[in-house]
$ cat query.txt   # compact mmCIF, C-alpha atoms
# COMPACT_ATOMS: atom_id res chain seq x y z
CA MET L 341 98.90 96.71 100.32
CA THR L 342 98.49 99.46 97.73
CA ALA L 343 101.24 100.24 95.22
CA LEU L 344 102.81 103.59 96.07
CA ILE L 345 105.56 103.64 93.45
CA GLN L 346 106.13 101.66 90.28
CA THR L 347 109.22 101.90 88.13
CA ILE L 348 108.89 100.80 84.53
CA GLY L 349 111.98 100.16 82.41
CA LEU L 350 113.99 102.61 84.51
CA SER L 351 117.54 103.16 83.25
CA LYS L 352 120.33 105.55 84.14
CA THR L 353 123.72 106.14 82.51
CA TYR L 354 126.28 108.67 83.71
CA THR L 355 128.38 110.53 81.14
CA ALA L 356 131.86 111.84 81.87
CA GLY L 357 133.52 114.05 79.31
CA LYS L 358 132.46 113.55 75.70
CA ASN L 359 132.48 109.80 75.22
CA ILE L 360 132.82 108.02 78.55
CA GLN L 361 129.50 106.48 79.60
CA THR L 362 128.96 104.45 82.75
CA PRO L 363 125.70 102.46 83.02
CA ALA L 364 124.25 102.65 86.54
CA LEU L 365 120.78 101.10 86.18
CA ALA L 366 119.23 99.02 83.42
CA ASN L 367 115.54 98.28 82.92
CA ILE L 368 114.45 98.43 86.57
CA ASN L 369 110.88 97.23 87.05
CA LEU L 370 109.88 97.51 90.68
CA THR L 371 106.73 97.91 92.75
CA ILE L 372 106.92 99.58 96.17
CA ASP L 373 103.85 99.27 98.34
CA ALA L 374 102.56 101.85 100.79
CA GLY L 375 103.96 100.95 104.21
CA ASP L 376 106.91 98.94 102.89
CA PHE L 377 110.04 98.69 105.04
CA MET L 378 112.51 97.54 102.42
CA ALA L 379 116.16 97.48 101.51
CA VAL L 380 117.83 97.88 98.15
CA ALA L 381 120.90 95.73 98.66
CA GLY L 382 124.01 94.96 96.68
CA PRO L 383 127.77 95.60 96.54
CA SER L 384 129.31 99.02 95.94
CA GLY L 385 128.68 100.15 92.38
CA SER L 386 125.55 98.03 91.96
CA GLY L 387 123.28 101.06 91.50
CA LYS L 388 121.69 101.32 94.95
CA SER L 389 122.27 105.03 95.50
CA SER L 390 121.41 105.82 91.89
CA LEU L 391 118.03 104.13 92.33
CA LEU L 392 117.29 106.07 95.52
CA HIS L 393 118.25 109.34 93.86
CA LEU L 394 115.83 108.63 91.01
CA LEU L 395 113.02 107.58 93.37
CA GLY L 396 113.54 110.79 95.34
CA ALA L 397 113.52 113.00 92.21
CA LEU L 398 117.09 114.10 92.94
CA ASP L 399 118.29 112.92 89.53
CA ASN L 400 116.91 112.33 86.03
CA ALA L 401 116.51 108.92 84.40
CA ASN L 402 117.70 108.37 80.84
CA SER L 403 114.65 106.26 80.07
CA GLY L 404 111.68 104.64 81.77
CA SER L 405 109.06 105.91 84.19
CA ILE L 406 108.54 106.34 87.92
CA ILE L 407 104.83 106.29 88.68
CA TYR L 408 104.02 107.81 92.06
CA GLU L 409 100.34 107.44 92.94
CA GLY L 410 99.46 107.48 89.24
CA ARG L 411 101.75 110.40 88.32
CA ASP L 412 104.94 109.98 86.29
CA ILE L 413 107.46 112.06 88.20
CA THR L 414 110.08 111.70 85.45
CA GLN L 415 108.00 114.22 83.47
CA LEU L 416 108.22 116.96 86.10
CA ASN L 417 110.29 120.08 85.55
CA ASN L 418 112.87 121.22 88.11
CA GLU L 419 110.46 123.38 90.10
CA GLN L 420 107.82 120.64 90.17
CA ARG L 421 110.43 118.12 91.28
CA ALA L 422 111.50 120.38 94.14
CA GLN L 423 107.89 120.72 95.29
CA PHE L 424 107.38 116.97 94.98
CA ARG L 425 110.41 116.30 97.20
CA LEU L 426 109.30 118.88 99.75
CA LYS L 427 105.79 117.46 100.07
CA HIS L 428 106.31 113.73 99.72
CA ILE L 429 109.91 112.60 100.37
CA GLY L 430 112.10 112.53 103.47
CA PHE L 431 115.83 111.94 103.09
CA VAL L 432 118.36 110.43 105.50
CA PHE L 433 121.85 110.68 104.03
CA GLN L 434 124.96 108.75 104.99
CA ALA L 435 126.73 112.05 105.75
CA TYR L 436 123.74 113.32 107.82
CA ASN L 437 123.61 116.65 105.89
CA LEU L 438 122.81 118.66 109.01
CA ILE L 439 123.33 122.43 108.97
CA ASN L 440 126.25 123.06 111.33
CA THR L 441 125.12 126.58 112.30
CA LEU L 442 121.70 125.31 113.47
CA ASN L 443 121.05 123.36 116.67
CA ALA L 444 119.19 120.04 116.69
CA LEU L 445 115.79 121.69 117.11
CA GLU L 446 116.42 124.13 114.27
CA ASN L 447 117.70 121.36 112.00
CA VAL L 448 114.54 119.33 112.56
CA GLU L 449 112.37 122.41 112.00
CA TYR L 450 114.11 123.34 108.74
CA ILE L 451 112.08 121.25 106.28
CA MET L 452 108.85 122.22 108.01
CA LEU L 453 109.88 125.86 107.67
CA LEU L 454 110.20 125.35 103.92
CA GLN L 455 106.79 123.70 103.95
CA GLY L 456 105.28 126.84 105.48
CA ILE L 457 104.24 125.26 108.78
CA GLY L 458 103.60 127.78 111.55
CA ASN L 459 106.05 128.43 114.39
CA ASP L 460 104.17 126.72 117.21
CA GLU L 461 103.28 123.56 115.32
CA ARG L 462 106.75 123.38 113.83
CA LYS L 463 108.44 123.57 117.23
CA ASP L 464 105.99 121.15 118.86
CA ARG L 465 106.54 118.54 116.15
CA ALA L 466 110.33 119.00 116.25
CA VAL L 467 110.56 118.67 120.03
CA ASP L 468 108.24 115.66 120.04
CA MET L 469 110.28 113.89 117.38
CA LEU L 470 113.61 114.63 119.06
CA ILE L 471 112.22 113.14 122.27
CA ARG L 472 111.01 110.09 120.36
CA VAL L 473 114.46 109.48 118.90
CA GLY L 474 116.00 109.75 122.38
CA LEU L 475 117.45 113.25 122.07
CA GLY L 476 115.23 115.16 124.46
CA ASP L 477 118.29 116.39 126.34
CA TYR L 478 120.12 117.45 123.15
CA ILE L 479 117.55 119.81 121.62
CA TYR L 480 119.85 122.83 121.74
CA ARG L 481 123.08 121.01 120.89
CA PHE L 482 124.83 121.79 117.63
CA PRO L 483 125.97 118.98 115.27
CA ASN L 484 129.64 119.35 116.30
CA GLU L 485 128.56 118.75 119.91
CA MET L 486 126.98 115.37 119.11
CA SER L 487 128.25 111.92 118.20
CA GLY L 488 127.70 110.41 114.77
CA GLY L 489 124.84 108.30 116.08
CA GLN L 490 123.17 111.33 117.63
CA GLN L 491 123.54 113.33 114.42
CA GLN L 492 121.97 110.48 112.45
CA ARG L 493 119.03 110.48 114.87
CA VAL L 494 118.59 114.20 114.27
CA ALA L 495 118.55 113.48 110.54
CA VAL L 496 115.87 110.80 111.07
CA ALA L 497 113.84 113.17 113.26
CA ARG L 498 114.09 115.89 110.60
CA ALA L 499 112.88 113.53 107.90
CA ILE L 500 109.94 112.16 109.89
CA ALA L 501 108.76 115.42 111.48
CA ALA L 502 107.93 116.77 108.02
CA LYS L 503 105.41 113.90 107.66
CA PRO L 504 106.50 112.51 104.28
CA LYS L 505 104.92 109.43 102.75
CA ILE L 506 108.33 107.98 101.93
CA ILE L 507 111.71 108.12 103.63
CA LEU L 508 114.76 107.28 101.52
CA ALA L 509 117.79 106.38 103.61
CA ASP L 510 121.13 105.99 101.80
CA GLU L 511 123.45 103.69 103.79
CA PRO L 512 122.04 105.03 107.10
CA THR L 513 124.17 102.78 109.30
CA ALA L 514 127.48 103.16 107.46
CA ASN L 515 129.11 105.42 110.06
CA LEU L 516 127.55 103.86 113.16
CA ASP L 517 128.67 101.17 115.60
CA SER L 518 126.56 98.01 115.62
CA LYS L 519 124.64 98.84 118.80
CA THR L 520 123.69 102.32 117.62
CA ALA L 521 122.83 101.00 114.16
CA SER L 522 120.55 98.31 115.59
CA SER L 523 118.82 100.82 117.86
CA LEU L 524 118.28 103.23 114.95
CA MET L 525 116.82 100.51 112.72
CA ASP L 526 114.46 99.41 115.51
CA LEU L 527 113.33 103.02 115.92
CA MET L 528 112.64 103.39 112.20
CA ARG L 529 110.78 100.07 112.14
CA GLN L 530 108.61 101.31 115.02
CA LEU L 531 107.91 104.59 113.20
CA ASN L 532 107.10 102.64 110.04
CA GLU L 533 104.53 100.53 111.86
CA GLU L 534 103.02 103.37 113.92
CA ASN L 535 102.93 106.10 111.27
CA LYS L 536 102.66 103.93 108.13
CA ILE L 537 105.63 105.74 106.57
CA THR L 538 107.26 103.82 103.71
CA PHE L 539 111.02 103.34 104.28
CA ILE L 540 113.48 102.44 101.52
CA PHE L 541 117.11 101.86 102.46
CA SER L 542 120.14 101.41 100.26
CA THR L 543 122.60 99.17 102.05
CA HIS L 544 125.14 96.39 102.00
CA ASP L 545 124.90 96.07 105.81
CA GLN L 546 123.68 92.64 106.94
CA LEU L 547 122.20 94.21 110.07
CA VAL L 548 119.90 96.42 107.99
CA MET L 549 118.92 93.47 105.81
CA SER L 550 118.00 91.47 108.92
CA LYS L 551 115.61 94.21 110.09
CA VAL L 552 113.63 94.94 106.91
CA LYS L 553 110.52 93.21 105.59
CA LYS L 554 111.56 93.09 101.93
CA ILE L 555 114.91 93.03 100.09
CA VAL L 556 115.56 93.92 96.45
CA THR L 557 119.06 92.91 95.36
CA LEU L 558 120.94 94.76 92.63
CA LYS L 559 124.03 93.67 90.74
CA ASP L 560 125.62 95.71 87.96
CA GLY L 561 122.56 97.92 87.78
CA GLU L 562 120.00 95.14 87.40
CA ILE L 563 117.60 93.46 89.81
CA VAL L 564 118.84 89.92 90.39
CA LYS L 565 116.64 88.92 93.34

$ encode --input "query.txt" --output "structure tokens"
Amino acid sequence: MTALIQTIGLSKTYTAGKNIQTPALANINLTIDAGDFMAVAGPSGSGKSSLLHLLGALDNANSGSIIYEGRDITQLNNEQRAQFRLKHIGFVFQAYNLINTLNALENVEYIMLLQGIGNDERKDRAVDMLIRVGLGDYIYRFPNEMSGGQQQRVAVARAIAAKPKIILADEPTANLDSKTASSLMDLMRQLNEENKITFIFSTHDQLVMSKVKKIVTLKDGEIVK
């Protein structure tokens, strides 16, 4: 495999008020290969979400580097970071982050709209992906008309339809029953193998850990395994 991302001495500390500092990550050195299907595991507060936010250019590191295909994304300004996310990263959040006033089709189209993809291609890709995630009969349903599992599938479809190289999924099974969670993980594993998309999950769910190919374990902001 080819290294897609490398983190070098990556550290993050959150500051509250004037003097209260909370270390989140310390000296993270990690290599993520193209096509990986991996979990960042650990208990609550171990730094999992913080690491995903840094990898996705949603947050700034205090020190260290994130090398993405030879480019240090920690050196990007805000506009460059936004463009990097739009072109390269797909996100699946624990809270789904769907737009309630848009139906499933429109939610899946949204990122592609920002990417400037034309109407016909955008709709074709959105419909195809909703069918692939088992929501062909829910294309015109709004988020409040769907179950949590269905909303999460829309979020997965939205992330994948935009054709990112990496999908970052923060606790994607946290709000799902075990059957739905297992089905969703199998779907993402299939998409990983068919489309060569790199998936990185943050999780403390044993089911997720049983489905991935690689596990990186964090404790108190450091890699321990």

$ atom_distance --input "query.txt" --atom1 "atom CA of L:Ala364" --atom2 "atom CA of L:Asp545"
20.4 Å

$ atom_distance --input "query.txt" --atom1 "atom CA of L:Asn440" --atom2 "atom CA of L:Arg421"
26.0 Å

$ closest_residue --input "query.txt" --among "L:Ile348, L:Ala379, L:Val448, L:Ile372" --to "L:Val552" --atoms "all atoms listed in the file"
L:Ala379

$ closest_residue --input "query.txt" --among "L:Asn484, L:Asn447, L:Ser518, L:Gln490" --to "L:Ala466" --atoms "all atoms listed in the file"
L:Asn447

$ closest_atom_pairs --input "query.txt" --of "stretch 415-440 of chain L" --to "stretch 495-503 of chain L" --cutoff "10 Å" --atoms "all atoms listed in the file" --output "CSV"
residue,atom,partner,partner_atom,distance
L:Leu426,CA,L:Ala502,CA,8.6
L:Lys427,CA,L:Ala502,CA,8.3
L:His428,CA,L:Lys503,CA,8.0
L:Ile429,CA,L:Ala499,CA,8.1
L:Gly430,CA,L:Ala499,CA,4.6
L:Phe431,CA,L:Ala499,CA,5.9
L:Val432,CA,L:Ala495,CA,5.9
L:Phe433,CA,L:Ala495,CA,7.8
L:Gln434,CA,L:Ala495,CA,9.7
L:Ala435,CA,L:Ala495,CA,9.6
L:Tyr436,CA,L:Ala495,CA,5.9
L:Asn437,CA,L:Ala495,CA,7.6
L:Leu438,CA,L:Ala495,CA,6.9

$ write_last_selection --input "query.txt" --atoms "C-alpha atoms" --output "mmCIF file, keeping the file's coordinate frame"
data_model
loop_
_atom_site.group_PDB
_atom_site.id
_atom_site.type_symbol
_atom_site.label_atom_id
_atom_site.label_comp_id
_atom_site.auth_asym_id
_atom_site.auth_seq_id
_atom_site.Cartn_x
_atom_site.Cartn_y
_atom_site.Cartn_z
ATOM 1 C CA LEU L 426 109.300 118.880 99.750
ATOM 2 C CA LYS L 427 105.790 117.460 100.070
ATOM 3 C CA HIS L 428 106.310 113.730 99.720
ATOM 4 C CA ILE L 429 109.910 112.600 100.370
ATOM 5 C CA GLY L 430 112.100 112.530 103.470
ATOM 6 C CA PHE L 431 115.830 111.940 103.090
ATOM 7 C CA VAL L 432 118.360 110.430 105.500
ATOM 8 C CA PHE L 433 121.850 110.680 104.030
ATOM 9 C CA GLN L 434 124.960 108.750 104.990
ATOM 10 C CA ALA L 435 126.730 112.050 105.750
ATOM 11 C CA TYR L 436 123.740 113.320 107.820
ATOM 12 C CA ASN L 437 123.610 116.650 105.890
ATOM 13 C CA LEU L 438 122.810 118.660 109.010
#

$ atom_distance --input "query.txt" --atom1 "atom CA of L:Ala374" --atom2 "atom CA of L:Glu534"
13.2 Å

$ closest_atom_pairs --input "query.txt" --of "stretch 361-422 of chain L" --to "stretch 554-560 of chain L" --cutoff "10 Å" --atoms "all atoms listed in the file" --output "CSV"
residue,atom,partner,partner_atom,distance
L:Pro363,CA,L:Asp560,CA,8.4
L:Ala364,CA,L:Asp560,CA,7.2
L:Leu365,CA,L:Asp560,CA,7.5
L:Ala366,CA,L:Asp560,CA,8.5
L:Ile368,CA,L:Leu558,CA,9.6
L:Leu370,CA,L:Val556,CA,8.9
L:Ile372,CA,L:Lys554,CA,9.8
L:Asp376,CA,L:Lys554,CA,7.5
L:Phe377,CA,L:Lys554,CA,6.6
L:Met378,CA,L:Lys554,CA,4.6
L:Ala379,CA,L:Ile555,CA,4.8
L:Val380,CA,L:Val556,CA,4.9
L:Ala381,CA,L:Thr557,CA,4.7
L:Gly382,CA,L:Leu558,CA,5.1
L:Pro383,CA,L:Lys559,CA,7.2
L:Ser384,CA,L:Lys559,CA,9.1
L:Gly385,CA,L:Asp560,CA,7.0
L:Ser386,CA,L:Asp560,CA,4.6
L:Gly387,CA,L:Leu558,CA,6.8
L:Lys388,CA,L:Leu558,CA,7.0
L:Leu391,CA,L:Leu558,CA,9.8

$ residues_around --input "query.txt" --residues "L:Thr414" --least-positions-apart "6" --cutoff "7 Å" --atoms "all atoms listed in the file" --output "list in words"
Asn400, Ser405 and Ile406 of chain L

$ residues_around --input "query.txt" --residues "L:Asp464" --least-positions-apart "2" --cutoff "12 Å" --atoms "only C-alpha atoms" --output "tab-separated table (two decimals) with C-alpha atoms, keeping the file's coordinate frame"
chain	number	residue	atom	x	y	z
L	445	LEU	CA	115.79	121.69	117.11
L	446	GLU	CA	116.42	124.13	114.27
L	448	VAL	CA	114.54	119.33	112.56
L	449	GLU	CA	112.37	122.41	112.00
L	452	MET	CA	108.85	122.22	108.01
L	457	ILE	CA	104.24	125.26	108.78
L	458	GLY	CA	103.60	127.78	111.55
L	459	ASN	CA	106.05	128.43	114.39
L	460	ASP	CA	104.17	126.72	117.21
L	461	GLU	CA	103.28	123.56	115.32
L	462	ARG	CA	106.75	123.38	113.83
L	466	ALA	CA	110.33	119.00	116.25
L	467	VAL	CA	110.56	118.67	120.03
L	468	ASP	CA	108.24	115.66	120.04
L	469	MET	CA	110.28	113.89	117.38
L	470	LEU	CA	113.61	114.63	119.06
L	471	ILE	CA	112.22	113.14	122.27
L	479	ILE	CA	117.55	119.81	121.62
L	501	ALA	CA	108.76	115.42	111.48
L	502	ALA	CA	107.93	116.77	108.02

$ residues_around --input "query.txt" --residues "L:Asn535" --least-positions-apart "2" --cutoff "10 Å" --atoms "all atoms listed in the file" --output "CSV table (one decimal) with C-alpha atoms, in the coordinates of the input"
chain,number,residue,atom,x,y,z
L,375,GLY,CA,104.0,101.0,104.2
L,500,ILE,CA,109.9,112.2,109.9
L,503,LYS,CA,105.4,113.9,107.7
L,505,LYS,CA,104.9,109.4,102.8
L,529,ARG,CA,110.8,100.1,112.1
L,530,GLN,CA,108.6,101.3,115.0
L,531,LEU,CA,107.9,104.6,113.2
L,532,ASN,CA,107.1,102.6,110.0
L,533,GLU,CA,104.5,100.5,111.9
L,537,ILE,CA,105.6,105.7,106.6
L,538,THR,CA,107.3,103.8,103.7

$ closest_residue --input "query.txt" --among "L:Leu395, L:Leu475, L:Met486, L:Met525" --to "L:Lys553" --atoms "all atoms listed in the file"
L:Met525

$ axis_aligned_box --input "query.txt" --around "stretch 350-360 of chain L" --padding-each-side "5 Å" --output "lines of an AutoDock Vina configuration file"
center_x = 123.8
center_y = 108.3
center_z = 79.9
size_x = 29.5
size_y = 21.4
size_z = 19.3

$ closest_residue --input "query.txt" --among "L:Ser523, L:Gly561, L:His544, L:Asn418" --to "L:Asp399" --atoms "all atoms listed in the file"
L:Asn418
